[in-house]
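Source file: query.cif; contents: mmCIF, C-alpha atoms.
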```cif
data_target
#
loop_
_atom_site.label_atom_id
_atom_site.label_comp_id
_atom_site.auth_asym_id
_atom_site.auth_seq_id
_atom_site.Cartn_x
_atom_site.Cartn_y
_atom_site.Cartn_z
CA MET A 1350 -31.94 -11.18 4.63
CA SER A 1351 -29.43 -11.77 7.44
CA ALA A 1352 -25.95 -10.27 7.52
CA GLU A 1353 -24.50 -13.77 7.36
CA THR A 1354 -26.47 -14.59 4.19
CA THR A 1355 -25.51 -11.28 2.59
CA SER A 1356 -21.83 -11.77 3.42
CA ARG A 1357 -21.88 -15.00 1.41
CA LYS A 1358 -23.16 -13.29 -1.73
CA ALA A 1359 -20.77 -12.69 -4.58
CA LEU A 1360 -18.90 -9.42 -4.40
CA PRO A 1361 -19.80 -6.77 -7.03
CA ARG A 1362 -18.07 -7.11 -10.41
CA ALA A 1363 -16.61 -3.62 -10.01
CA VAL A 1364 -14.64 -4.82 -6.96
CA TRP A 1365 -13.10 -7.62 -9.05
CA ALA A 1366 -12.31 -5.20 -11.88
CA LEU A 1367 -10.67 -2.77 -9.48
CA GLY A 1368 -8.74 -5.68 -8.02
CA PHE A 1369 -7.40 -6.73 -11.43
CA THR A 1370 -6.59 -3.10 -12.22
CA SER A 1371 -4.48 -3.08 -9.07
CA LEU A 1372 -2.99 -6.48 -9.92
CA PHE A 1373 -1.59 -5.42 -13.30
CA MET A 1374 -0.32 -2.06 -12.00
CA ASP A 1375 1.45 -3.84 -9.17
CA VAL A 1376 3.06 -6.29 -11.62
CA SER A 1377 4.51 -3.21 -13.28
CA SER A 1378 5.41 -1.27 -10.12
CA GLU A 1379 6.96 -4.17 -8.22
CA LEU A 1380 8.93 -5.37 -11.22
CA ILE A 1381 10.63 -1.98 -10.89
CA HIS A 1382 10.61 -1.80 -7.10
CA GLY A 1383 12.26 -5.20 -6.73
CA LEU A 1384 15.32 -3.91 -8.60
CA LEU A 1385 15.29 -0.21 -7.78
CA PRO A 1386 16.91 -0.20 -4.29
CA LEU A 1387 20.03 -1.99 -5.51
CA PHE A 1388 19.98 -0.07 -8.79
CA LEU A 1389 20.26 3.10 -6.69
CA VAL A 1390 22.74 1.78 -4.12
CA VAL A 1391 24.93 -0.52 -6.23
CA ASN A 1392 24.70 0.93 -9.75
CA LEU A 1393 24.30 4.63 -8.99
CA GLY A 1394 26.17 4.80 -5.65
CA ALA A 1395 23.38 6.16 -3.43
CA SER A 1396 23.73 5.80 0.36
CA ALA A 1397 21.12 4.20 2.61
CA ALA A 1398 20.15 7.67 3.84
CA VAL A 1399 19.55 8.83 0.25
CA LEU A 1400 17.58 5.65 -0.45
CA GLY A 1401 15.45 6.32 2.62
CA LEU A 1402 14.88 9.93 1.55
CA VAL A 1403 13.88 8.94 -2.00
CA GLU A 1404 11.52 6.22 -0.79
CA GLY A 1405 10.15 8.36 2.01
CA VAL A 1406 9.44 11.37 -0.21
CA ALA A 1407 7.91 9.16 -2.92
CA GLU A 1408 5.62 7.26 -0.57
CA ALA A 1409 4.76 10.39 1.39
CA ALA A 1410 3.83 12.18 -1.85
CA ALA A 1411 1.49 9.31 -2.68
CA GLN A 1412 -0.21 9.48 0.69
CA ILE A 1413 -0.35 13.26 0.98
CA VAL A 1414 -1.93 13.80 -2.43
CA LYS A 1415 -4.69 11.38 -1.40
CA VAL A 1416 -6.28 14.09 0.72
CA PHE A 1417 -6.74 16.29 -2.33
CA SER A 1418 -7.88 13.54 -4.67
CA GLY A 1419 -10.21 12.23 -1.98
CA TRP A 1420 -11.74 15.67 -1.43
CA LEU A 1421 -12.08 16.19 -5.19
CA SER A 1422 -13.78 12.82 -5.62
CA ASP A 1423 -16.29 13.77 -2.92
CA THR A 1424 -16.85 17.18 -4.51
CA LEU A 1425 -17.31 15.87 -8.05
CA GLN A 1426 -18.77 12.50 -6.99
CA ARG A 1427 -17.01 11.05 -10.03
CA ARG A 1428 -14.46 8.73 -8.53
CA LYS A 1429 -13.59 6.74 -11.65
CA ALA A 1430 -12.21 9.74 -13.57
CA LEU A 1431 -9.69 10.45 -10.82
CA ALA A 1432 -8.76 6.79 -10.57
CA VAL A 1433 -8.10 6.71 -14.32
CA ALA A 1434 -5.97 9.86 -14.03
CA GLY A 1435 -3.90 8.30 -11.25
CA TYR A 1436 -3.36 4.97 -12.95
CA GLY A 1437 -2.67 6.77 -16.23
CA LEU A 1438 0.04 8.97 -14.68
CA ALA A 1439 1.69 5.92 -13.14
CA ALA A 1440 1.68 4.17 -16.52
CA LEU A 1441 3.26 7.19 -18.22
CA THR A 1442 6.15 7.25 -15.72
CA LYS A 1443 7.27 3.66 -16.30
CA PRO A 1444 9.58 4.45 -19.26
CA LEU A 1445 11.41 7.05 -17.15
CA PHE A 1446 13.08 4.38 -14.99
CA PRO A 1447 15.10 2.62 -17.72
CA LEU A 1448 15.93 6.02 -19.27
CA ALA A 1449 17.22 7.57 -16.02
CA GLY A 1450 20.99 7.76 -15.54
CA THR A 1451 21.28 9.64 -12.23
CA VAL A 1452 19.90 9.34 -8.73
CA SER A 1453 17.96 12.59 -9.17
CA LEU A 1454 16.20 11.33 -12.32
CA VAL A 1455 15.33 8.02 -10.71
CA ALA A 1456 14.01 9.94 -7.71
CA ALA A 1457 11.88 12.17 -9.95
CA ALA A 1458 10.44 9.14 -11.75
CA ARG A 1459 9.72 7.42 -8.43
CA VAL A 1460 7.95 10.49 -7.03
CA LEU A 1461 5.82 10.94 -10.19
CA ASP A 1462 4.91 7.25 -10.11
CA ARG A 1463 3.83 7.50 -6.49
CA LEU A 1464 1.91 10.72 -7.17
CA GLY A 1465 -0.15 8.65 -9.59
CA LYS A 1466 -0.72 6.17 -6.79
CA GLY A 1467 -1.83 8.99 -4.51
CA ILE A 1468 -4.25 10.43 -7.05
CA ARG A 1469 -5.97 7.08 -7.53
CA GLY A 1470 -5.83 5.69 -4.00
CA ALA A 1471 -8.58 7.51 -2.10
CA PRO A 1472 -11.09 7.63 -5.02
CA ARG A 1473 -10.51 3.92 -5.71
CA ASP A 1474 -10.97 2.93 -2.05
CA ALA A 1475 -14.05 5.12 -1.79
CA LEU A 1476 -15.37 3.52 -5.00
CA VAL A 1477 -14.89 0.04 -3.48
CA ALA A 1478 -16.89 1.16 -0.45
CA ASP A 1479 -19.57 2.83 -2.63
CA VAL A 1480 -20.35 -0.31 -4.63
CA THR A 1481 -20.15 -2.80 -1.73
CA PRO A 1482 -22.77 -3.46 1.00
CA PRO A 1483 -21.42 -2.51 4.46
CA GLU A 1484 -21.48 -6.11 5.71
CA GLN A 1485 -19.18 -7.19 2.84
CA ARG A 1486 -16.63 -4.38 2.99
CA GLY A 1487 -14.02 -6.35 4.91
CA ALA A 1488 -14.13 -9.04 2.22
CA ALA A 1489 -14.16 -6.44 -0.59
CA PHE A 1490 -11.11 -4.58 0.67
CA GLY A 1491 -9.40 -7.87 1.44
CA LEU A 1492 -10.08 -9.17 -2.09
CA ARG A 1493 -8.81 -5.99 -3.74
CA GLN A 1494 -5.74 -6.08 -1.53
CA SER A 1495 -5.13 -9.77 -2.31
CA LEU A 1496 -5.34 -9.23 -6.08
CA ASP A 1497 -3.13 -6.17 -5.74
CA THR A 1498 -0.59 -8.25 -3.87
CA ILE A 1499 -0.72 -11.16 -6.31
CA GLY A 1500 0.47 -8.60 -8.84
CA ALA A 1501 3.16 -7.53 -6.39
CA THR A 1502 4.30 -11.18 -6.29
CA ILE A 1503 4.27 -11.72 -10.06
CA GLY A 1504 6.22 -8.53 -10.75
CA PRO A 1505 9.40 -9.44 -8.83
CA LEU A 1506 9.28 -13.04 -10.10
CA ALA A 1507 9.07 -11.70 -13.65
CA ALA A 1508 12.04 -9.45 -12.85
CA ILE A 1509 14.11 -12.45 -11.72
CA GLY A 1510 13.33 -14.36 -14.92
CA LEU A 1511 14.02 -11.33 -17.11
CA MET A 1512 17.30 -10.61 -15.31
CA ALA A 1513 18.41 -14.14 -16.14
CA LEU A 1514 17.24 -13.77 -19.73
CA PHE A 1515 18.97 -10.42 -20.24
CA ASP A 1516 22.20 -11.20 -18.30
CA ASP A 1517 21.46 -8.83 -15.39
CA ASP A 1518 20.80 -5.87 -17.69
CA VAL A 1519 18.60 -3.87 -15.30
CA ARG A 1520 17.65 -1.22 -17.84
CA ALA A 1521 16.41 -3.75 -20.37
CA VAL A 1522 14.30 -5.47 -17.71
CA LEU A 1523 12.74 -2.20 -16.52
CA TRP A 1524 11.26 -1.59 -19.99
CA PHE A 1525 8.94 -4.58 -19.52
CA ALA A 1526 7.10 -2.72 -16.75
CA VAL A 1527 5.34 -0.61 -19.38
CA ILE A 1528 3.15 -3.48 -20.68
CA PRO A 1529 1.17 -4.45 -17.53
CA ALA A 1530 0.75 -0.77 -16.65
CA LEU A 1531 -1.11 -0.16 -19.90
CA ILE A 1532 -3.26 -3.28 -19.36
CA SER A 1533 -4.18 -1.97 -15.91
CA VAL A 1534 -5.49 1.33 -17.28
CA ALA A 1535 -7.45 -0.47 -20.01
CA ILE A 1536 -9.25 -2.72 -17.47
CA LEU A 1537 -10.25 0.26 -15.37
CA ILE A 1538 -11.61 2.20 -18.35
CA VAL A 1539 -13.57 -0.70 -19.84
CA PHE A 1540 -14.89 -2.68 -16.86
CA VAL A 1541 -15.53 -0.19 -14.02
CA ARG A 1542 -18.56 2.10 -13.99
CA ASP A 1543 -18.87 5.04 -11.63
CA PRO A 1544 -22.10 4.66 -9.58
CA GLY A 1545 -22.45 8.43 -9.35
CA PRO A 1546 -23.37 10.60 -6.35
CA PRO A 1547 -25.09 8.76 -3.48
CA ALA A 1548 -27.60 11.60 -3.18
CA ALA A 1549 -28.52 11.27 -6.84
CA ARG A 1550 -28.93 7.53 -6.45
CA ALA A 1551 -31.35 8.20 -3.61
CA GLY A 1552 -33.25 10.84 -5.63
CA ALA A 1553 -31.98 13.80 -3.55
CA PRO A 1554 -30.11 16.86 -4.85
CA THR A 1555 -26.32 16.78 -4.87
CA ARG A 1556 -24.08 19.36 -3.21
CA VAL A 1557 -20.44 20.21 -2.62
CA PRO A 1558 -19.96 18.06 0.45
CA ILE A 1559 -16.91 19.18 2.38
CA GLU A 1560 -16.84 21.69 5.21
CA LEU A 1561 -14.35 21.84 8.07
CA SER A 1562 -17.16 21.24 10.52
CA GLU A 1563 -17.94 17.95 8.77
CA LEU A 1564 -14.34 16.80 9.09
CA GLY A 1565 -14.48 17.60 12.78
CA ALA A 1566 -17.67 15.57 13.02
CA LEU A 1567 -16.07 12.41 11.67
CA GLY A 1568 -15.93 11.18 15.25
CA ARG A 1569 -13.50 9.89 17.82
CA PHE A 1570 -13.33 6.42 16.30
CA TYR A 1571 -12.17 7.78 12.93
CA TRP A 1572 -9.50 9.97 14.50
CA PHE A 1573 -8.38 7.08 16.68
CA VAL A 1574 -7.86 4.97 13.54
CA VAL A 1575 -5.93 7.86 11.92
CA GLY A 1576 -3.66 8.34 14.94
CA ALA A 1577 -2.99 4.67 15.52
CA GLY A 1578 -2.39 4.18 11.80
CA ALA A 1579 0.27 6.91 11.88
CA VAL A 1580 2.12 5.20 14.73
CA PHE A 1581 1.77 1.92 12.84
CA THR A 1582 3.39 3.52 9.79
CA LEU A 1583 6.38 4.75 11.80
CA ALA A 1584 7.10 1.07 12.43
CA ARG A 1585 6.80 0.17 8.74
CA PHE A 1586 9.47 1.98 6.75
CA SER A 1587 10.09 1.26 3.08
CA GLU A 1588 10.54 -2.35 1.98
CA ALA A 1589 13.64 -1.12 0.13
CA PHE A 1590 15.53 -1.68 3.38
CA LEU A 1591 14.52 -5.35 3.32
CA VAL A 1592 16.10 -5.63 -0.13
CA ILE A 1593 19.43 -4.11 0.88
CA ARG A 1594 19.44 -6.13 4.12
CA ALA A 1595 19.07 -9.37 2.14
CA TYR A 1596 21.78 -8.22 -0.30
CA GLY A 1597 24.08 -7.52 2.64
CA LYS A 1598 23.46 -11.05 3.90
CA GLY A 1599 24.61 -12.57 0.61
CA LEU A 1600 21.61 -12.52 -1.75
CA PRO A 1601 22.82 -12.15 -5.38
CA LEU A 1602 21.75 -9.02 -7.26
CA ALA A 1603 19.73 -10.98 -9.82
CA PHE A 1604 17.63 -12.49 -7.02
CA ALA A 1605 16.98 -9.21 -5.18
CA PRO A 1606 13.34 -9.11 -6.44
CA ALA A 1607 12.73 -12.36 -4.52
CA VAL A 1608 12.51 -10.22 -1.38
CA ILE A 1609 9.44 -8.38 -2.68
CA ALA A 1610 8.05 -11.58 -4.21
CA VAL A 1611 8.13 -13.54 -0.93
CA MET A 1612 6.71 -10.65 1.06
CA SER A 1613 3.97 -10.07 -1.49
CA LEU A 1614 3.06 -13.76 -1.77
CA VAL A 1615 2.41 -14.02 1.96
CA PHE A 1616 0.57 -10.68 1.82
CA ALA A 1617 -1.64 -11.94 -1.02
CA LEU A 1618 -2.46 -15.23 0.67
CA THR A 1619 -3.54 -13.59 3.93
CA ALA A 1620 -5.25 -10.29 2.95
CA TYR A 1621 -8.59 -11.72 1.76
CA PRO A 1622 -8.98 -14.24 4.62
CA ALA A 1623 -8.13 -11.41 7.03
CA GLY A 1624 -10.93 -9.31 5.53
CA ARG A 1625 -13.42 -12.15 5.94
CA LEU A 1626 -12.30 -12.69 9.54
CA GLN A 1627 -12.72 -8.98 10.22
CA ASP A 1628 -16.33 -9.14 9.00
CA ARG A 1629 -16.97 -11.88 11.58
CA PHE A 1630 -14.77 -11.03 14.56
CA GLY A 1631 -13.81 -7.36 14.26
CA ALA A 1632 -10.55 -5.55 13.63
CA ARG A 1633 -8.66 -5.67 16.92
CA PRO A 1634 -7.48 -9.32 16.89
CA LEU A 1635 -6.11 -8.94 13.36
CA LEU A 1636 -4.33 -5.66 14.07
CA VAL A 1637 -2.74 -7.01 17.24
CA ALA A 1638 -1.62 -10.21 15.49
CA GLY A 1639 -0.23 -8.18 12.58
CA LEU A 1640 1.81 -5.95 14.85
CA ALA A 1641 3.14 -8.97 16.72
CA ALA A 1642 4.29 -10.40 13.38
CA LEU A 1643 5.98 -7.09 12.52
CA ILE A 1644 7.83 -6.99 15.84
CA ALA A 1645 9.06 -10.56 15.29
CA ALA A 1646 10.18 -9.66 11.75
CA ASP A 1647 12.13 -6.63 12.94
CA LEU A 1648 13.85 -8.59 15.70
CA LEU A 1649 14.89 -11.28 13.22
CA LEU A 1650 16.20 -8.67 10.80
CA ALA A 1651 18.18 -7.05 13.62
CA SER A 1652 19.73 -10.37 14.60
CA GLY A 1653 23.05 -11.69 13.36
CA PHE A 1654 21.46 -14.68 11.63
CA GLY A 1655 21.94 -15.44 7.94
CA ILE A 1656 19.87 -15.27 4.77
CA PHE A 1657 17.36 -17.93 5.88
CA ALA A 1658 16.40 -15.85 8.91
CA VAL A 1659 16.13 -12.78 6.70
CA PHE A 1660 13.63 -14.53 4.42
CA LEU A 1661 11.68 -15.81 7.42
CA ALA A 1662 11.47 -12.20 8.58
CA ILE A 1663 10.39 -11.10 5.11
CA GLY A 1664 7.58 -13.67 5.26
CA LEU A 1665 6.50 -12.29 8.65
CA TRP A 1666 6.60 -8.77 7.18
CA GLY A 1667 4.21 -9.93 4.46
CA LEU A 1668 1.99 -11.59 7.07
CA HIS A 1669 1.69 -8.35 9.04
CA LEU A 1670 0.69 -6.50 5.86
CA GLY A 1671 -1.94 -9.10 5.01
CA LEU A 1672 -3.42 -8.98 8.49
CA THR A 1673 -3.60 -5.19 8.69
CA GLN A 1674 -3.73 -3.22 5.44
CA GLY A 1675 -7.17 -4.18 4.17
CA VAL A 1676 -8.43 -4.06 7.76
CA LEU A 1677 -7.28 -0.44 8.20
CA SER A 1678 -8.96 0.57 4.92
CA ALA A 1679 -12.19 -1.10 5.99
CA LEU A 1680 -12.04 0.68 9.36
CA VAL A 1681 -11.76 4.05 7.63
CA ALA A 1682 -14.70 3.17 5.36
CA HIS A 1683 -16.70 2.08 8.40
CA ALA A 1684 -15.99 5.30 10.31
CA ALA A 1685 -16.74 7.79 7.51
CA PRO A 1686 -20.17 8.84 6.13
CA ALA A 1687 -20.56 8.15 2.41
CA HIS A 1688 -20.52 11.79 1.30
CA VAL A 1689 -17.10 12.46 2.92
CA ARG A 1690 -15.62 9.01 2.42
CA GLY A 1691 -13.08 10.06 -0.22
CA THR A 1692 -11.88 12.89 2.00
CA ALA A 1693 -11.70 10.56 5.01
CA PHE A 1694 -9.40 8.24 3.06
CA GLY A 1695 -7.44 11.29 1.94
CA VAL A 1696 -6.91 12.64 5.46
CA PHE A 1697 -5.89 9.17 6.60
CA GLY A 1698 -3.45 9.08 3.69
CA LEU A 1699 -2.08 12.53 4.52
CA THR A 1700 -1.31 11.47 8.08
CA VAL A 1701 0.19 8.16 7.01
CA GLY A 1702 2.21 9.96 4.31
CA VAL A 1703 3.92 12.24 6.80
CA ALA A 1704 4.64 9.21 9.01
CA THR A 1705 6.01 7.33 5.98
CA LEU A 1706 8.49 10.10 5.21
CA VAL A 1707 9.61 10.32 8.83
CA ALA A 1708 9.94 6.52 9.12
CA SER A 1709 12.05 6.07 5.97
CA VAL A 1710 14.33 9.02 6.75
CA ILE A 1711 14.90 7.72 10.30
CA ALA A 1712 15.58 4.23 8.92
CA GLY A 1713 18.17 5.51 6.42
CA VAL A 1714 19.95 7.77 8.90
CA LEU A 1715 20.12 5.02 11.54
CA TRP A 1716 21.42 2.59 8.90
CA ASP A 1717 24.31 4.88 7.92
CA ALA A 1718 25.05 6.55 11.25
CA VAL A 1719 24.60 3.61 13.63
CA SER A 1720 23.96 0.22 11.99
CA PRO A 1721 21.35 -1.75 10.02
CA GLU A 1722 20.43 -3.46 13.27
CA ALA A 1723 19.48 -0.10 14.83
CA THR A 1724 17.03 0.52 11.97
CA PHE A 1725 15.09 -2.65 12.67
CA LEU A 1726 15.20 -2.28 16.46
CA ALA A 1727 13.68 1.18 16.10
CA GLY A 1728 10.95 -0.32 13.90
CA ALA A 1729 10.19 -2.93 16.55
CA SER A 1730 9.87 -0.18 19.17
CA PHE A 1731 7.36 1.79 17.08
CA ALA A 1732 5.42 -1.40 16.38
CA GLY A 1733 5.19 -2.06 20.09
CA ALA A 1734 3.72 1.42 20.63
CA ALA A 1735 1.16 0.82 17.88
CA LEU A 1736 0.25 -2.55 19.40
CA VAL A 1737 -0.59 -0.83 22.69
CA ALA A 1738 -2.82 1.63 20.80
CA PHE A 1739 -4.75 -1.08 18.96
CA VAL A 1740 -5.23 -3.14 22.11
CA ALA A 1741 -7.39 -0.19 23.22
CA LEU A 1742 -9.61 -0.58 20.11
CA LYS A 1743 -13.14 -1.67 20.99
CA PRO A 1744 -13.66 -5.40 20.30
CA GLY A 1745 -16.86 -4.62 18.41
CA ALA A 1746 -15.21 -2.23 15.90
CA ARG A 1747 -15.82 -3.73 12.49
CA ALA A 1748 -15.99 -2.58 8.90
#
```

Let me see whether you can do it: turn the structure in this file into structure tokens.
Amino acid sequence: MSAETTSRKALPRAVWALGFTSLFMDVSSELIHGLLPLFLVVNLGASAAVLGLVEGVAEAAAQIVKVFSGWLSDTLQRRKALAVAGYGLAALTKPLFPLAGTVSLVAAARVLDRLGKGIRGAPRDALVADVTPPEQRGAAFGLRQSLDTIGATIGPLAAIGLMALFDDDVRAVLWFAVIPALISVAILIVFVRDPGPPAARAGAPTRVPIELSELGALGRFYWFVVGAGAVFTLARFSEAFLVIRAYGKGLPLAFAPAVIAVMSLVFALTAYPAGRLQDRFGARPLLVAGLAALIAADLLLASGFGIFAVFLAIGLWGLHLGLTQGVLSALVAHAAPAHVRGTAFGVFGLTVGVATLVASVIAGVLWDAVSPEATFLAGASFAGAALVAFVALKPGARA
């Protein structure tokens, strides 16, 4: 059977189930995230630097813990259990947001929520790769990312409607995030089966897979993807800064979640087609186009134009995510042998997590100490550096 024929086959049911698990959790998370930046800045009086620190630590925690959950999933070869633990922890944190009355409590809830994301991320991505033929992985990661991002579009739109229904009572609206989070965990438990160790599936004995020598043997291509991904992340600080930029340009508080909704809608519409294009043409054209979109978004956000230009930039930000995020995941899956795949995603996450923390702290400090424009100009500069790195990627590199 040819690769073209195989690529047209239906994706495994587990990929769809993992996609809908992501969808419902993102409805919950982005319902909160669409309101949280202004809840911190406007309601609780946090500065942009504090916002950047909270977002940076939270997202870094999610990425850093991936290395441990990825290693554990490779050691146990039971990826589903760790995914359930991660989604379950995230679901348990949702009530903490409406209950929190200080910046420190909101920060703690945000970090715990993102820790849940970190616990589930590498095992889930490795599980997607485990159940999908290599020639369909671009499509599989693109589909999961698209469903995830559909949830990230629904969540903020739900927040806007609920804010209108509850007269801008942020705390009342945040309680609704609990429901889709519980649905997400239920889908994962009921509809996803762990395929078990690859060695056992092949009839060979299993073993504890990870040694430092094996990490060193992942190869130059893998480490290139890790390094370039880190530079990429320096250019992509927290989307919370998009929310406060739009608010500063006149967007009403009740419509703040529209920022995340627009970004996520474009992301959702482009992630799956980008994955299919990667399977046919390779990663480099998509990564270069995505970084070009990010540079254009940052330059628009740094300009003195009004709210229309801000939303155009937000759309471009979503486009760059759609063109690159599933592609990067597929590149990691392509570069890593099956028995260390969870760890490979974890190491990638660790590197990206450190870059996320640095990026968000730099963004917040520049915002307060210099200007909002300086934040976005710095982002454009980092994106330009990442673009140069990905231009060097071999045209034939596919996942």

Resolved residues for the PyMOL selection byres ((chain A and resi 1431) around 10) as a list in words: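 So the PyMOL selection byres ((chain A and resi 1431) around 10) ends up selecting Ser1418, Gly1419, Leu1421, Ser1422, Leu1425, Arg1427, Arg1428, Lys1429, Ala1430, Ala1432, Val1433, Ala1434, Gly1435, Tyr1436, Gly1437, Gly1465, Ile1468, Arg1469, Gly1470, Ala1471, Pro1472 and Arg1473 of chain A.
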
Just to be explicit: take each residue in the selection above, keep C-alpha atoms, and write the result as a tab-separated table (two decimals), keeping the file's coordinate frame.
```tsv
chain	number	residue	atom	x	y	z
A	1418	SER	CA	-7.88	13.54	-4.67
A	1419	GLY	CA	-10.21	12.23	-1.98
A	1421	LEU	CA	-12.08	16.19	-5.19
A	1422	SER	CA	-13.78	12.82	-5.62
A	1425	LEU	CA	-17.31	15.87	-8.05
A	1427	ARG	CA	-17.01	11.05	-10.03
A	1428	ARG	CA	-14.46	8.73	-8.53
A	1429	LYS	CA	-13.59	6.74	-11.65
A	1430	ALA	CA	-12.21	9.74	-13.57
A	1432	ALA	CA	-8.76	6.79	-10.57
A	1433	VAL	CA	-8.10	6.71	-14.32
A	1434	ALA	CA	-5.97	9.86	-14.03
A	1435	GLY	CA	-3.90	8.30	-11.25
A	1436	TYR	CA	-3.36	4.97	-12.95
A	1437	GLY	CA	-2.67	6.77	-16.23
A	1465	GLY	CA	-0.15	8.65	-9.59
A	1468	ILE	CA	-4.25	10.43	-7.05
A	1469	ARG	CA	-5.97	7.08	-7.53
A	1470	GLY	CA	-5.83	5.69	-4.00
A	1471	ALA	CA	-8.58	7.51	-2.10
A	1472	PRO	CA	-11.09	7.63	-5.02
A	1473	ARG	CA	-10.51	3.92	-5.71
```

Please identify all polymer residues within 10 Å of A:Gly1675, counting all atoms listed in the file, omitting same-chain residues fewer than 4 positions from it, and present them as a compact mmCIF listing (two decimals) with C-alpha atoms, keeping the file's coordinate frame.
```
# COMPACT_ATOMS: atom_id res chain seq x y z
CA ARG A 1486 -16.63 -4.38 2.99
CA GLY A 1487 -14.02 -6.35 4.91
CA ALA A 1488 -14.13 -9.04 2.22
CA ALA A 1489 -14.16 -6.44 -0.59
CA PHE A 1490 -11.11 -4.58 0.67
CA GLY A 1491 -9.40 -7.87 1.44
CA LEU A 1492 -10.08 -9.17 -2.09
CA ARG A 1493 -8.81 -5.99 -3.74
CA GLN A 1494 -5.74 -6.08 -1.53
CA SER A 1495 -5.13 -9.77 -2.31
CA ALA A 1620 -5.25 -10.29 2.95
CA TYR A 1621 -8.59 -11.72 1.76
CA ALA A 1623 -8.13 -11.41 7.03
CA GLY A 1624 -10.93 -9.31 5.53
CA GLN A 1627 -12.72 -8.98 10.22
CA LEU A 1670 0.69 -6.50 5.86
CA GLY A 1671 -1.94 -9.10 5.01
CA ALA A 1679 -12.19 -1.10 5.99
CA LEU A 1680 -12.04 0.68 9.36
```

Could you please give me, as a JSON list (two decimals) with C-alpha atoms, keeping the file's coordinate frame, the residues of protein, DNA or RNA lying at most 8 Å from (0.8, 2.3, -16.6) in the coordinate frame of the file, considering only C-alpha atoms?
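Dumped everything to part-v2.json:
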```
[["chain", "number", "residue", "atom", "x", "y", "z"],
["A", 1374, "MET", "CA", -0.32, -2.06, -12.00],
["A", 1377, "SER", "CA", 4.51, -3.21, -13.28],
["A", 1436, "TYR", "CA", -3.36, 4.97, -12.95],
["A", 1437, "GLY", "CA", -2.67, 6.77, -16.23],
["A", 1438, "LEU", "CA", 0.04, 8.97, -14.68],
["A", 1439, "ALA", "CA", 1.69, 5.92, -13.14],
["A", 1440, "ALA", "CA", 1.68, 4.17, -16.52],
["A", 1441, "LEU", "CA", 3.26, 7.19, -18.22],
["A", 1442, "THR", "CA", 6.15, 7.25, -15.72],
["A", 1443, "LYS", "CA", 7.27, 3.66, -16.30],
["A", 1527, "VAL", "CA", 5.34, -0.61, -19.38],
["A", 1528, "ILE", "CA", 3.15, -3.48, -20.68],
["A", 1529, "PRO", "CA", 1.17, -4.45, -17.53],
["A", 1530, "ALA", "CA", 0.75, -0.77, -16.65],
["A", 1531, "LEU", "CA", -1.11, -0.16, -19.90],
["A", 1532, "ILE", "CA", -3.26, -3.28, -19.36],
["A", 1533, "SER", "CA", -4.18, -1.97, -15.91],
["A", 1534, "VAL", "CA", -5.49, 1.33, -17.28]]
```

Option closest in space to A:Phe1694, from A:Ser1613, A:Thr1451, A:Gln1412, A:Thr1370 [counting all atoms listed in the file]: A:Gln1412

Result set of the PyMOL selection byres ((chain A and resi 1520-1524) around 7) on the coordinates above, as a ChimeraX atom specification: /A:1381,1444,1446-1447,1508,1511-1512,1518-1519,1525-1527
